[in-house]
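Undergrad: Sharing structure_24.pdb here; it has PDB, C-alpha atoms.
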```pdb
ATOM      1  CA  MET A   1     -16.889   6.511 -23.791  1.00  0.00           C
ATOM      2  CA  LEU A   2     -15.548   9.999 -23.200  1.00  0.00           C
ATOM      3  CA  LEU A   3     -16.024  12.075 -26.327  1.00  0.00           C
ATOM      4  CA  GLY A   4     -13.808  15.090 -26.852  1.00  0.00           C
ATOM      5  CA  ARG A   5     -11.707  14.388 -23.768  1.00  0.00           C
ATOM      6  CA  ALA A   6      -8.532  13.096 -25.436  1.00  0.00           C
ATOM      7  CA  HIS A   7      -6.344  15.719 -23.763  1.00  0.00           C
ATOM      8  CA  GLU A   8      -7.678  14.931 -20.279  1.00  0.00           C
ATOM      9  CA  ARG A   9      -7.403  11.176 -20.865  1.00  0.00           C
ATOM     10  CA  GLY A  10      -3.811  11.685 -22.020  1.00  0.00           C
ATOM     11  CA  GLU A  11      -2.979  13.615 -18.844  1.00  0.00           C
ATOM     12  CA  ILE A  12      -4.533  10.869 -16.728  1.00  0.00           C
ATOM     13  CA  ASP A  13      -2.643   8.176 -18.639  1.00  0.00           C
ATOM     14  CA  GLN A  14       0.652  10.071 -18.176  1.00  0.00           C
ATOM     15  CA  ALA A  15       0.048  10.505 -14.441  1.00  0.00           C
ATOM     16  CA  LEU A  16      -0.717   6.802 -14.020  1.00  0.00           C
ATOM     17  CA  ALA A  17       2.408   5.914 -16.022  1.00  0.00           C
ATOM     18  CA  ARG A  18       4.498   8.150 -13.732  1.00  0.00           C
ATOM     19  CA  ALA A  19       3.196   6.315 -10.676  1.00  0.00           C
ATOM     20  CA  ARG A  20       3.885   2.955 -12.268  1.00  0.00           C
ATOM     21  CA  SER A  21       7.480   4.059 -12.911  1.00  0.00           C
ATOM     22  CA  GLY A  22       8.027   5.058  -9.265  1.00  0.00           C
ATOM     23  CA  ALA A  23       7.288   8.785  -9.437  1.00  0.00           C
ATOM     24  CA  SER A  24       4.380  10.752  -8.035  1.00  0.00           C
ATOM     25  CA  ALA A  25       1.860  12.926  -9.825  1.00  0.00           C
ATOM     26  CA  VAL A  26      -1.104  15.082  -8.876  1.00  0.00           C
ATOM     27  CA  LEU A  27      -3.945  16.101 -11.179  1.00  0.00           C
ATOM     28  CA  ALA A  28      -6.916  18.297 -10.387  1.00  0.00           C
ATOM     29  CA  LEU A  29     -10.014  18.156 -12.551  1.00  0.00           C
ATOM     30  CA  ALA A  30     -11.889  21.408 -12.086  1.00  0.00           C
ATOM     31  CA  GLY A  31     -14.968  22.809 -13.727  1.00  0.00           C
ATOM     32  CA  GLU A  32     -18.665  23.394 -13.561  1.00  0.00           C
ATOM     33  CA  PRO A  33     -21.041  20.615 -12.484  1.00  0.00           C
ATOM     34  CA  GLY A  34     -21.994  18.246 -15.265  1.00  0.00           C
ATOM     35  CA  ILE A  35     -18.909  18.569 -17.473  1.00  0.00           C
ATOM     36  CA  GLY A  36     -17.720  15.008 -16.851  1.00  0.00           C
ATOM     37  CA  LYS A  37     -15.268  15.173 -13.966  1.00  0.00           C
ATOM     38  CA  THR A  38     -16.755  12.057 -12.357  1.00  0.00           C
ATOM     39  CA  ALA A  39     -16.610  10.243 -15.703  1.00  0.00           C
ATOM     40  CA  LEU A  40     -12.929  11.150 -15.993  1.00  0.00           C
ATOM     41  CA  LEU A  41     -12.312   9.760 -12.492  1.00  0.00           C
ATOM     42  CA  GLY A  42     -14.065   6.592 -13.618  1.00  0.00           C
ATOM     43  CA  TYR A  43     -11.732   6.479 -16.606  1.00  0.00           C
ATOM     44  CA  ALA A  44      -8.755   6.865 -14.255  1.00  0.00           C
ATOM     45  CA  ALA A  45      -9.996   3.974 -12.122  1.00  0.00           C
ATOM     46  CA  GLU A  46     -10.443   1.792 -15.221  1.00  0.00           C
ATOM     47  CA  GLN A  47      -6.917   2.584 -16.401  1.00  0.00           C
ATOM     48  CA  ALA A  48      -5.344   1.880 -12.996  1.00  0.00           C
ATOM     49  CA  ASP A  49      -4.777  -1.821 -13.703  1.00  0.00           C
ATOM     50  CA  GLY A  50      -2.221  -3.300 -11.339  1.00  0.00           C
ATOM     51  CA  MET A  51      -2.551  -0.379  -8.932  1.00  0.00           C
ATOM     52  CA  ARG A  52      -4.242  -0.079  -5.571  1.00  0.00           C
ATOM     53  CA  VAL A  53      -7.118   2.348  -6.034  1.00  0.00           C
ATOM     54  CA  LEU A  54      -8.194   4.357  -2.991  1.00  0.00           C
ATOM     55  CA  ARG A  55     -11.362   6.393  -3.501  1.00  0.00           C
ATOM     56  CA  ALA A  56     -13.366   8.949  -1.593  1.00  0.00           C
ATOM     57  CA  ARG A  57     -15.948  11.551  -2.406  1.00  0.00           C
ATOM     58  CA  GLY A  58     -17.041  14.648  -0.668  1.00  0.00           C
ATOM     59  CA  ILE A  59     -20.681  14.751   0.305  1.00  0.00           C
ATOM     60  CA  GLU A  60     -22.232  18.101   1.140  1.00  0.00           C
ATOM     61  CA  SER A  61     -24.431  16.739   3.941  1.00  0.00           C
ATOM     62  CA  GLU A  62     -21.377  15.106   5.574  1.00  0.00           C
ATOM     63  CA  ALA A  63     -18.953  18.003   5.206  1.00  0.00           C
ATOM     64  CA  HIS A  64     -19.238  18.703   8.938  1.00  0.00           C
ATOM     65  CA  ILE A  65     -18.074  15.210  10.011  1.00  0.00           C
ATOM     66  CA  PRO A  66     -14.351  15.391  10.845  1.00  0.00           C
ATOM     67  CA  PHE A  67     -12.216  12.891   8.941  1.00  0.00           C
ATOM     68  CA  GLY A  68     -15.253  11.217   7.341  1.00  0.00           C
ATOM     69  CA  SER A  69     -13.847  11.384   3.828  1.00  0.00           C
ATOM     70  CA  LEU A  70     -10.364  10.395   4.977  1.00  0.00           C
ATOM     71  CA  PHE A  71     -11.848   7.282   6.578  1.00  0.00           C
ATOM     72  CA  GLU A  72     -13.571   6.383   3.304  1.00  0.00           C
ATOM     73  CA  LEU A  73     -10.300   6.849   1.429  1.00  0.00           C
ATOM     74  CA  VAL A  74      -7.874   4.968   3.688  1.00  0.00           C
ATOM     75  CA  ARG A  75     -10.185   2.257   4.997  1.00  0.00           C
ATOM     76  CA  PRO A  76      -8.891  -0.371   2.517  1.00  0.00           C
ATOM     77  CA  ALA A  77      -5.310   0.433   3.569  1.00  0.00           C
ATOM     78  CA  LEU A  78      -5.765   0.280   7.346  1.00  0.00           C
ATOM     79  CA  THR A  79      -4.249  -3.206   7.392  1.00  0.00           C
ATOM     80  CA  LEU A  80      -0.900  -1.434   6.850  1.00  0.00           C
ATOM     81  CA  LEU A  81      -1.075   0.682  10.018  1.00  0.00           C
ATOM     82  CA  ASP A  82       1.641  -1.479  11.564  1.00  0.00           C
ATOM     83  CA  LYS A  83       3.990  -0.279   8.784  1.00  0.00           C
ATOM     84  CA  ILE A  84       3.904   3.379   9.886  1.00  0.00           C
ATOM     85  CA  PRO A  85       5.360   4.982  13.031  1.00  0.00           C
ATOM     86  CA  ALA A  86       3.328   4.089  16.118  1.00  0.00           C
ATOM     87  CA  PRO A  87       2.525   7.701  17.138  1.00  0.00           C
ATOM     88  CA  GLN A  88       1.178   8.387  13.628  1.00  0.00           C
ATOM     89  CA  ALA A  89      -0.847   5.175  13.623  1.00  0.00           C
ATOM     90  CA  ALA A  90      -2.314   6.077  17.012  1.00  0.00           C
ATOM     91  CA  ALA A  91      -3.223   9.587  15.829  1.00  0.00           C
ATOM     92  CA  LEU A  92      -4.872   8.251  12.680  1.00  0.00           C
ATOM     93  CA  GLU A  93      -6.769   5.573  14.582  1.00  0.00           C
ATOM     94  CA  ALA A  94      -8.025   8.183  17.054  1.00  0.00           C
ATOM     95  CA  ALA A  95      -9.046  10.562  14.261  1.00  0.00           C
ATOM     96  CA  LEU A  96     -10.973   7.771  12.543  1.00  0.00           C
ATOM     97  CA  ALA A  97     -12.655   6.705  15.821  1.00  0.00           C
ATOM     98  CA  LEU A  98     -10.885   3.342  15.809  1.00  0.00           C
ATOM     99  CA  ARG A  99      -9.482   3.924  19.297  1.00  0.00           C
ATOM    100  CA  PRO A 100     -10.279   6.320  22.148  1.00  0.00           C
ATOM    101  CA  ALA A 101      -9.430   9.853  21.188  1.00  0.00           C
ATOM    102  CA  VAL A 102      -6.711  11.841  22.851  1.00  0.00           C
ATOM    103  CA  ALA A 103      -5.785  15.415  22.076  1.00  0.00           C
ATOM    104  CA  GLN A 104      -6.245  15.925  18.332  1.00  0.00           C
ATOM    105  CA  ASP A 105      -2.954  16.411  16.542  1.00  0.00           C
ATOM    106  CA  ARG A 106      -3.669  17.450  12.968  1.00  0.00           C
ATOM    107  CA  PHE A 107       0.030  17.322  12.042  1.00  0.00           C
ATOM    108  CA  ALA A 108       0.237  13.702  13.188  1.00  0.00           C
ATOM    109  CA  VAL A 109      -2.880  12.791  11.191  1.00  0.00           C
ATOM    110  CA  GLY A 110      -1.469  14.427   8.060  1.00  0.00           C
ATOM    111  CA  ALA A 111       1.876  12.712   8.597  1.00  0.00           C
ATOM    112  CA  ALA A 112       0.098   9.402   9.167  1.00  0.00           C
ATOM    113  CA  THR A 113      -1.833   9.843   5.919  1.00  0.00           C
ATOM    114  CA  LEU A 114       1.434  10.460   4.078  1.00  0.00           C
ATOM    115  CA  SER A 115       3.087   7.462   5.739  1.00  0.00           C
ATOM    116  CA  LEU A 116       0.133   5.185   5.022  1.00  0.00           C
ATOM    117  CA  LEU A 117       0.047   6.165   1.333  1.00  0.00           C
ATOM    118  CA  SER A 118       3.807   5.601   1.170  1.00  0.00           C
ATOM    119  CA  ALA A 119       3.451   2.189   2.815  1.00  0.00           C
ATOM    120  CA  CYS A 120       0.804   1.256   0.240  1.00  0.00           C
ATOM    121  CA  ALA A 121       3.067   2.413  -2.580  1.00  0.00           C
ATOM    122  CA  GLU A 122       5.877   0.165  -1.349  1.00  0.00           C
ATOM    123  CA  GLN A 123       3.697  -2.810  -2.263  1.00  0.00           C
ATOM    124  CA  VAL A 124       2.081  -1.594  -5.491  1.00  0.00           C
ATOM    125  CA  PRO A 125       1.537   1.791  -7.183  1.00  0.00           C
ATOM    126  CA  VAL A 126      -1.410   3.709  -5.711  1.00  0.00           C
ATOM    127  CA  ALA A 127      -4.098   5.782  -7.397  1.00  0.00           C
ATOM    128  CA  VAL A 128      -5.927   8.155  -5.030  1.00  0.00           C
ATOM    129  CA  LEU A 129      -9.193   9.357  -6.542  1.00  0.00           C
ATOM    130  CA  VAL A 130     -11.253  12.034  -4.796  1.00  0.00           C
ATOM    131  CA  ASP A 131     -14.541  13.168  -6.297  1.00  0.00           C
ATOM    132  CA  ASP A 132     -16.400  16.320  -5.267  1.00  0.00           C
ATOM    133  CA  ALA A 133     -13.428  17.560  -3.271  1.00  0.00           C
ATOM    134  CA  GLN A 134     -15.221  20.836  -2.598  1.00  0.00           C
ATOM    135  CA  TRP A 135     -17.434  18.888  -0.163  1.00  0.00           C
ATOM    136  CA  LEU A 136     -14.651  17.166   1.766  1.00  0.00           C
ATOM    137  CA  ASP A 137     -14.744  17.879   5.452  1.00  0.00           C
ATOM    138  CA  GLY A 138     -12.031  20.327   6.453  1.00  0.00           C
ATOM    139  CA  SER A 139     -10.075  17.797   8.498  1.00  0.00           C
ATOM    140  CA  SER A 140      -9.882  15.279   5.666  1.00  0.00           C
ATOM    141  CA  ALA A 141      -9.000  17.978   3.149  1.00  0.00           C
ATOM    142  CA  ALA A 142      -6.182  19.236   5.386  1.00  0.00           C
ATOM    143  CA  ALA A 143      -4.736  15.736   5.935  1.00  0.00           C
ATOM    144  CA  LEU A 144      -4.869  14.935   2.223  1.00  0.00           C
ATOM    145  CA  LEU A 145      -3.370  18.262   1.215  1.00  0.00           C
ATOM    146  CA  PHE A 146      -0.549  17.708   3.702  1.00  0.00           C
ATOM    147  CA  ALA A 147       0.152  14.276   2.213  1.00  0.00           C
ATOM    148  CA  PHE A 148      -0.226  15.244  -1.447  1.00  0.00           C
ATOM    149  CA  ARG A 149       2.167  18.172  -1.112  1.00  0.00           C
ATOM    150  CA  ARG A 150       4.849  15.900   0.304  1.00  0.00           C
ATOM    151  CA  ILE A 151       4.569  12.744  -1.769  1.00  0.00           C
ATOM    152  CA  ASP A 152       7.722  12.723  -3.835  1.00  0.00           C
ATOM    153  CA  ARG A 153       9.366   9.865  -5.696  1.00  0.00           C
ATOM    154  CA  LYS A 154       6.664   7.503  -4.526  1.00  0.00           C
ATOM    155  CA  SER A 155       4.394   5.472  -6.759  1.00  0.00           C
ATOM    156  CA  VAL A 156       1.332   7.542  -5.871  1.00  0.00           C
ATOM    157  CA  VAL A 157      -0.920   9.458  -8.223  1.00  0.00           C
TER     158      VAL A 157
END
```
Would it be possible to restate this file's structure as structure tokens?

TA:
Amino acid sequence: MLLGRAHERGEIDQALARARSGASAVLALAGEPGIGKTALLGYAAEQADGMRVLRARGIESEAHIPFGSLFELVRPALTLLDKIPAPQAAALEAALALRPAVAQDRFAVGAATLSLLSACAEQVPVAVLVDDAQWLDGSSAAALLFAFRRIDRKSVV
């Protein structure tokens, strides 16, 4: 139980409701270590009934591994790669070491992340939960930021 967090729970509930109604929402939980951010993410996951939940967490010792956190996040959705443009799918597969790498195209990976989240949202609303974002590797953070800034009128929170 989250004591004294009614405001934060309300914000989470509103964001999830927006996604369920076909809109997008972004929330950032910021604060000092130990104040309950992970518990609030757990609450969000519990409240995401009927939604596809994609989760990742930054890990300080893995912050140097390109696209490591992105792989953790999108791995359950990789079955939808055939629903996004082929050049984006190829770029994402190469970034995630699922096919031989060619020249790295960070724009294509960001666009592929956006397209993959959108493809997921066409089936069911999506909740993207990222814990310890300060430890995301730079490549994953850039791809996610690209996607999050552009998700509009999609069922993604």

Undergrad: How far is it from CA of Gln88 in chain A to CA of Leu144 in chain A, in Å with one decimal?

TA: 14.5 Å

Undergrad: Could you tell me which residues the PyMOL selection byres ((chain A and resi 115) around 12) grabs in this file, written as a VMD selection string?

TA: chain A and resid 74 77 to 78 80 to 89 92 108 to 114 116 to 122 143 to 144 146 to 148 150 to 152 154 156

Undergrad: Keeping C-alpha atoms for every residue in the selection just given, could you write it to a file as a PDB file, in the coordinates of the input?

TA:
```pdb
ATOM      1  CA  VAL A  74      -7.874   4.968   3.688  1.00  0.00           C
ATOM      2  CA  ALA A  77      -5.310   0.433   3.569  1.00  0.00           C
ATOM      3  CA  LEU A  78      -5.765   0.280   7.346  1.00  0.00           C
ATOM      4  CA  LEU A  80      -0.900  -1.434   6.850  1.00  0.00           C
ATOM      5  CA  LEU A  81      -1.075   0.682  10.018  1.00  0.00           C
ATOM      6  CA  ASP A  82       1.641  -1.479  11.564  1.00  0.00           C
ATOM      7  CA  LYS A  83       3.990  -0.279   8.784  1.00  0.00           C
ATOM      8  CA  ILE A  84       3.904   3.379   9.886  1.00  0.00           C
ATOM      9  CA  PRO A  85       5.360   4.982  13.031  1.00  0.00           C
ATOM     10  CA  ALA A  86       3.328   4.089  16.118  1.00  0.00           C
ATOM     11  CA  PRO A  87       2.525   7.701  17.138  1.00  0.00           C
ATOM     12  CA  GLN A  88       1.178   8.387  13.628  1.00  0.00           C
ATOM     13  CA  ALA A  89      -0.847   5.175  13.623  1.00  0.00           C
ATOM     14  CA  LEU A  92      -4.872   8.251  12.680  1.00  0.00           C
ATOM     15  CA  ALA A 108       0.237  13.702  13.188  1.00  0.00           C
ATOM     16  CA  VAL A 109      -2.880  12.791  11.191  1.00  0.00           C
ATOM     17  CA  GLY A 110      -1.469  14.427   8.060  1.00  0.00           C
ATOM     18  CA  ALA A 111       1.876  12.712   8.597  1.00  0.00           C
ATOM     19  CA  ALA A 112       0.098   9.402   9.167  1.00  0.00           C
ATOM     20  CA  THR A 113      -1.833   9.843   5.919  1.00  0.00           C
ATOM     21  CA  LEU A 114       1.434  10.460   4.078  1.00  0.00           C
ATOM     22  CA  LEU A 116       0.133   5.185   5.022  1.00  0.00           C
ATOM     23  CA  LEU A 117       0.047   6.165   1.333  1.00  0.00           C
ATOM     24  CA  SER A 118       3.807   5.601   1.170  1.00  0.00           C
ATOM     25  CA  ALA A 119       3.451   2.189   2.815  1.00  0.00           C
ATOM     26  CA  CYS A 120       0.804   1.256   0.240  1.00  0.00           C
ATOM     27  CA  ALA A 121       3.067   2.413  -2.580  1.00  0.00           C
ATOM     28  CA  GLU A 122       5.877   0.165  -1.349  1.00  0.00           C
ATOM     29  CA  ALA A 143      -4.736  15.736   5.935  1.00  0.00           C
ATOM     30  CA  LEU A 144      -4.869  14.935   2.223  1.00  0.00           C
ATOM     31  CA  PHE A 146      -0.549  17.708   3.702  1.00  0.00           C
ATOM     32  CA  ALA A 147       0.152  14.276   2.213  1.00  0.00           C
ATOM     33  CA  PHE A 148      -0.226  15.244  -1.447  1.00  0.00           C
ATOM     34  CA  ARG A 150       4.849  15.900   0.304  1.00  0.00           C
ATOM     35  CA  ILE A 151       4.569  12.744  -1.769  1.00  0.00           C
ATOM     36  CA  ASP A 152       7.722  12.723  -3.835  1.00  0.00           C
ATOM     37  CA  LYS A 154       6.664   7.503  -4.526  1.00  0.00           C
ATOM     38  CA  VAL A 156       1.332   7.542  -5.871  1.00  0.00           C
TER      39      VAL A 156
END
```

Undergrad: Which residues are near Leu73 in chain A? Cut-off 9 Å, all atoms listed in the file, ignore same chain within fewer than 3 positions. Put them as a list in words.

TA: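 After dropping sequence-adjacent residues, the list is Leu54, Arg55, Ala56, Arg57, Gly68, Ser69, Leu70, Pro76, Ala77, Val128, Leu129 and Val130 of chain A.
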
Undergrad: Suppose we keep C-alpha atoms; can you now write the selection as an mmCIF file, in the frame of the given file?

TA:
```
data_model
loop_
_atom_site.group_PDB
_atom_site.id
_atom_site.type_symbol
_atom_site.label_atom_id
_atom_site.label_comp_id
_atom_site.auth_asym_id
_atom_site.auth_seq_id
_atom_site.Cartn_x
_atom_site.Cartn_y
_atom_site.Cartn_z
ATOM 1 C CA LEU A 54 -8.194 4.357 -2.991
ATOM 2 C CA ARG A 55 -11.362 6.393 -3.501
ATOM 3 C CA ALA A 56 -13.366 8.949 -1.593
ATOM 4 C CA ARG A 57 -15.948 11.551 -2.406
ATOM 5 C CA GLY A 68 -15.253 11.217 7.341
ATOM 6 C CA SER A 69 -13.847 11.384 3.828
ATOM 7 C CA LEU A 70 -10.364 10.395 4.977
ATOM 8 C CA PRO A 76 -8.891 -0.371 2.517
ATOM 9 C CA ALA A 77 -5.310 0.433 3.569
ATOM 10 C CA VAL A 128 -5.927 8.155 -5.030
ATOM 11 C CA LEU A 129 -9.193 9.357 -6.542
ATOM 12 C CA VAL A 130 -11.253 12.034 -4.796
#
```

Undergrad: Tell me which residues the PyMOL selection byres ((chain A and resi 13) around 12) grabs here, as a CSV table (one decimal) with C-alpha atoms, in the coordinates of the input.

TA:
```csv
chain,number,residue,atom,x,y,z
A,6,ALA,CA,-8.5,13.1,-25.4
A,7,HIS,CA,-6.3,15.7,-23.8
A,8,GLU,CA,-7.7,14.9,-20.3
A,9,ARG,CA,-7.4,11.2,-20.9
A,10,GLY,CA,-3.8,11.7,-22.0
A,11,GLU,CA,-3.0,13.6,-18.8
A,12,ILE,CA,-4.5,10.9,-16.7
A,14,GLN,CA,0.7,10.1,-18.2
A,15,ALA,CA,0.0,10.5,-14.4
A,16,LEU,CA,-0.7,6.8,-14.0
A,17,ALA,CA,2.4,5.9,-16.0
A,18,ARG,CA,4.5,8.2,-13.7
A,19,ALA,CA,3.2,6.3,-10.7
A,20,ARG,CA,3.9,3.0,-12.3
A,25,ALA,CA,1.9,12.9,-9.8
A,27,LEU,CA,-3.9,16.1,-11.2
A,40,LEU,CA,-12.9,11.2,-16.0
A,41,LEU,CA,-12.3,9.8,-12.5
A,43,TYR,CA,-11.7,6.5,-16.6
A,44,ALA,CA,-8.8,6.9,-14.3
A,45,ALA,CA,-10.0,4.0,-12.1
A,46,GLU,CA,-10.4,1.8,-15.2
A,47,GLN,CA,-6.9,2.6,-16.4
A,48,ALA,CA,-5.3,1.9,-13.0
A,49,ASP,CA,-4.8,-1.8,-13.7
A,127,ALA,CA,-4.1,5.8,-7.4
A,157,VAL,CA,-0.9,9.5,-8.2
```

Undergrad: Quick check on the file I pasted: which residues fall under the PyMOL selection byres ((chain A and resi 63) around 12)? Write them as a PDB file with C-alpha atoms, keeping the file's coordinate frame.

TA:
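What follows is the written file selection_32.pdb:
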```pdb
ATOM      1  CA  ARG A  57     -15.948  11.551  -2.406  1.00  0.00           C
ATOM      2  CA  GLY A  58     -17.041  14.648  -0.668  1.00  0.00           C
ATOM      3  CA  ILE A  59     -20.681  14.751   0.305  1.00  0.00           C
ATOM      4  CA  GLU A  60     -22.232  18.101   1.140  1.00  0.00           C
ATOM      5  CA  SER A  61     -24.431  16.739   3.941  1.00  0.00           C
ATOM      6  CA  GLU A  62     -21.377  15.106   5.574  1.00  0.00           C
ATOM      7  CA  HIS A  64     -19.238  18.703   8.938  1.00  0.00           C
ATOM      8  CA  ILE A  65     -18.074  15.210  10.011  1.00  0.00           C
ATOM      9  CA  PRO A  66     -14.351  15.391  10.845  1.00  0.00           C
ATOM     10  CA  PHE A  67     -12.216  12.891   8.941  1.00  0.00           C
ATOM     11  CA  GLY A  68     -15.253  11.217   7.341  1.00  0.00           C
ATOM     12  CA  SER A  69     -13.847  11.384   3.828  1.00  0.00           C
ATOM     13  CA  LEU A  70     -10.364  10.395   4.977  1.00  0.00           C
ATOM     14  CA  ASP A 132     -16.400  16.320  -5.267  1.00  0.00           C
ATOM     15  CA  ALA A 133     -13.428  17.560  -3.271  1.00  0.00           C
ATOM     16  CA  GLN A 134     -15.221  20.836  -2.598  1.00  0.00           C
ATOM     17  CA  TRP A 135     -17.434  18.888  -0.163  1.00  0.00           C
ATOM     18  CA  LEU A 136     -14.651  17.166   1.766  1.00  0.00           C
ATOM     19  CA  ASP A 137     -14.744  17.879   5.452  1.00  0.00           C
ATOM     20  CA  GLY A 138     -12.031  20.327   6.453  1.00  0.00           C
ATOM     21  CA  SER A 139     -10.075  17.797   8.498  1.00  0.00           C
ATOM     22  CA  SER A 140      -9.882  15.279   5.666  1.00  0.00           C
ATOM     23  CA  ALA A 141      -9.000  17.978   3.149  1.00  0.00           C
TER      24      ALA A 141
END
```

Undergrad: I'd like the interatomic distance between CA of Glu72 in chain A and CA of Ala94 in chain A, to a tenth of an Å.

TA: 14.9 Å

Undergrad: Which value, in Å to one decimal, gives the distance between CA of Ser155 in chain A and CA of Val124 in chain A?

TA: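 So the answer is 7.5 Å.
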
Undergrad: Can you take the partial range 30-43 of chain A, add N, CA and C atoms, and return it as a PDB file, in the frame of the given file?

TA:
```
ATOM      1  N   ALA A  30     -11.023  20.344 -12.589  1.00  0.00           N
ATOM      2  CA  ALA A  30     -11.889  21.408 -12.086  1.00  0.00           C
ATOM      3  C   ALA A  30     -12.832  21.859 -13.178  1.00  0.00           C
ATOM      4  N   GLY A  31     -14.009  22.293 -12.768  1.00  0.00           N
ATOM      5  CA  GLY A  31     -14.968  22.809 -13.727  1.00  0.00           C
ATOM      6  C   GLY A  31     -16.368  22.801 -13.166  1.00  0.00           C
ATOM      7  N   GLU A  32     -17.260  23.304 -13.957  1.00  0.00           N
ATOM      8  CA  GLU A  32     -18.665  23.394 -13.561  1.00  0.00           C
ATOM      9  C   GLU A  32     -19.280  22.006 -13.405  1.00  0.00           C
ATOM     10  N   PRO A  33     -20.332  21.893 -12.612  1.00  0.00           N
ATOM     11  CA  PRO A  33     -21.041  20.615 -12.484  1.00  0.00           C
ATOM     12  C   PRO A  33     -21.544  20.142 -13.849  1.00  0.00           C
ATOM     13  N   GLY A  34     -21.449  18.841 -14.060  1.00  0.00           N
ATOM     14  CA  GLY A  34     -21.994  18.246 -15.265  1.00  0.00           C
ATOM     15  C   GLY A  34     -21.070  18.183 -16.464  1.00  0.00           C
ATOM     16  N   ILE A  35     -19.800  18.580 -16.303  1.00  0.00           N
ATOM     17  CA  ILE A  35     -18.909  18.569 -17.473  1.00  0.00           C
ATOM     18  C   ILE A  35     -18.134  17.256 -17.620  1.00  0.00           C
ATOM     19  N   GLY A  36     -18.341  16.315 -16.700  1.00  0.00           N
ATOM     20  CA  GLY A  36     -17.720  15.008 -16.851  1.00  0.00           C
ATOM     21  C   GLY A  36     -16.549  14.707 -15.951  1.00  0.00           C
ATOM     22  N   LYS A  37     -16.397  15.444 -14.868  1.00  0.00           N
ATOM     23  CA  LYS A  37     -15.268  15.173 -13.966  1.00  0.00           C
ATOM     24  C   LYS A  37     -15.374  13.778 -13.360  1.00  0.00           C
ATOM     25  N   THR A  38     -16.567  13.383 -12.940  1.00  0.00           N
ATOM     26  CA  THR A  38     -16.755  12.057 -12.357  1.00  0.00           C
ATOM     27  C   THR A  38     -16.487  10.975 -13.398  1.00  0.00           C
ATOM     28  N   ALA A  39     -16.887  11.202 -14.633  1.00  0.00           N
ATOM     29  CA  ALA A  39     -16.610  10.243 -15.703  1.00  0.00           C
ATOM     30  C   ALA A  39     -15.108  10.109 -15.924  1.00  0.00           C
ATOM     31  N   LEU A  40     -14.385  11.214 -15.847  1.00  0.00           N
ATOM     32  CA  LEU A  40     -12.929  11.150 -15.993  1.00  0.00           C
ATOM     33  C   LEU A  40     -12.286  10.390 -14.829  1.00  0.00           C
ATOM     34  N   LEU A  41     -12.816  10.549 -13.618  1.00  0.00           N
ATOM     35  CA  LEU A  41     -12.312   9.760 -12.492  1.00  0.00           C
ATOM     36  C   LEU A  41     -12.596   8.280 -12.711  1.00  0.00           C
ATOM     37  N   GLY A  42     -13.750   7.976 -13.274  1.00  0.00           N
ATOM     38  CA  GLY A  42     -14.065   6.592 -13.618  1.00  0.00           C
ATOM     39  C   GLY A  42     -13.078   6.040 -14.637  1.00  0.00           C
ATOM     40  N   TYR A  43     -12.740   6.870 -15.613  1.00  0.00           N
ATOM     41  CA  TYR A  43     -11.732   6.479 -16.606  1.00  0.00           C
ATOM     42  C   TYR A  43     -10.402   6.195 -15.904  1.00  0.00           C
TER      43      TYR A  43
END
```
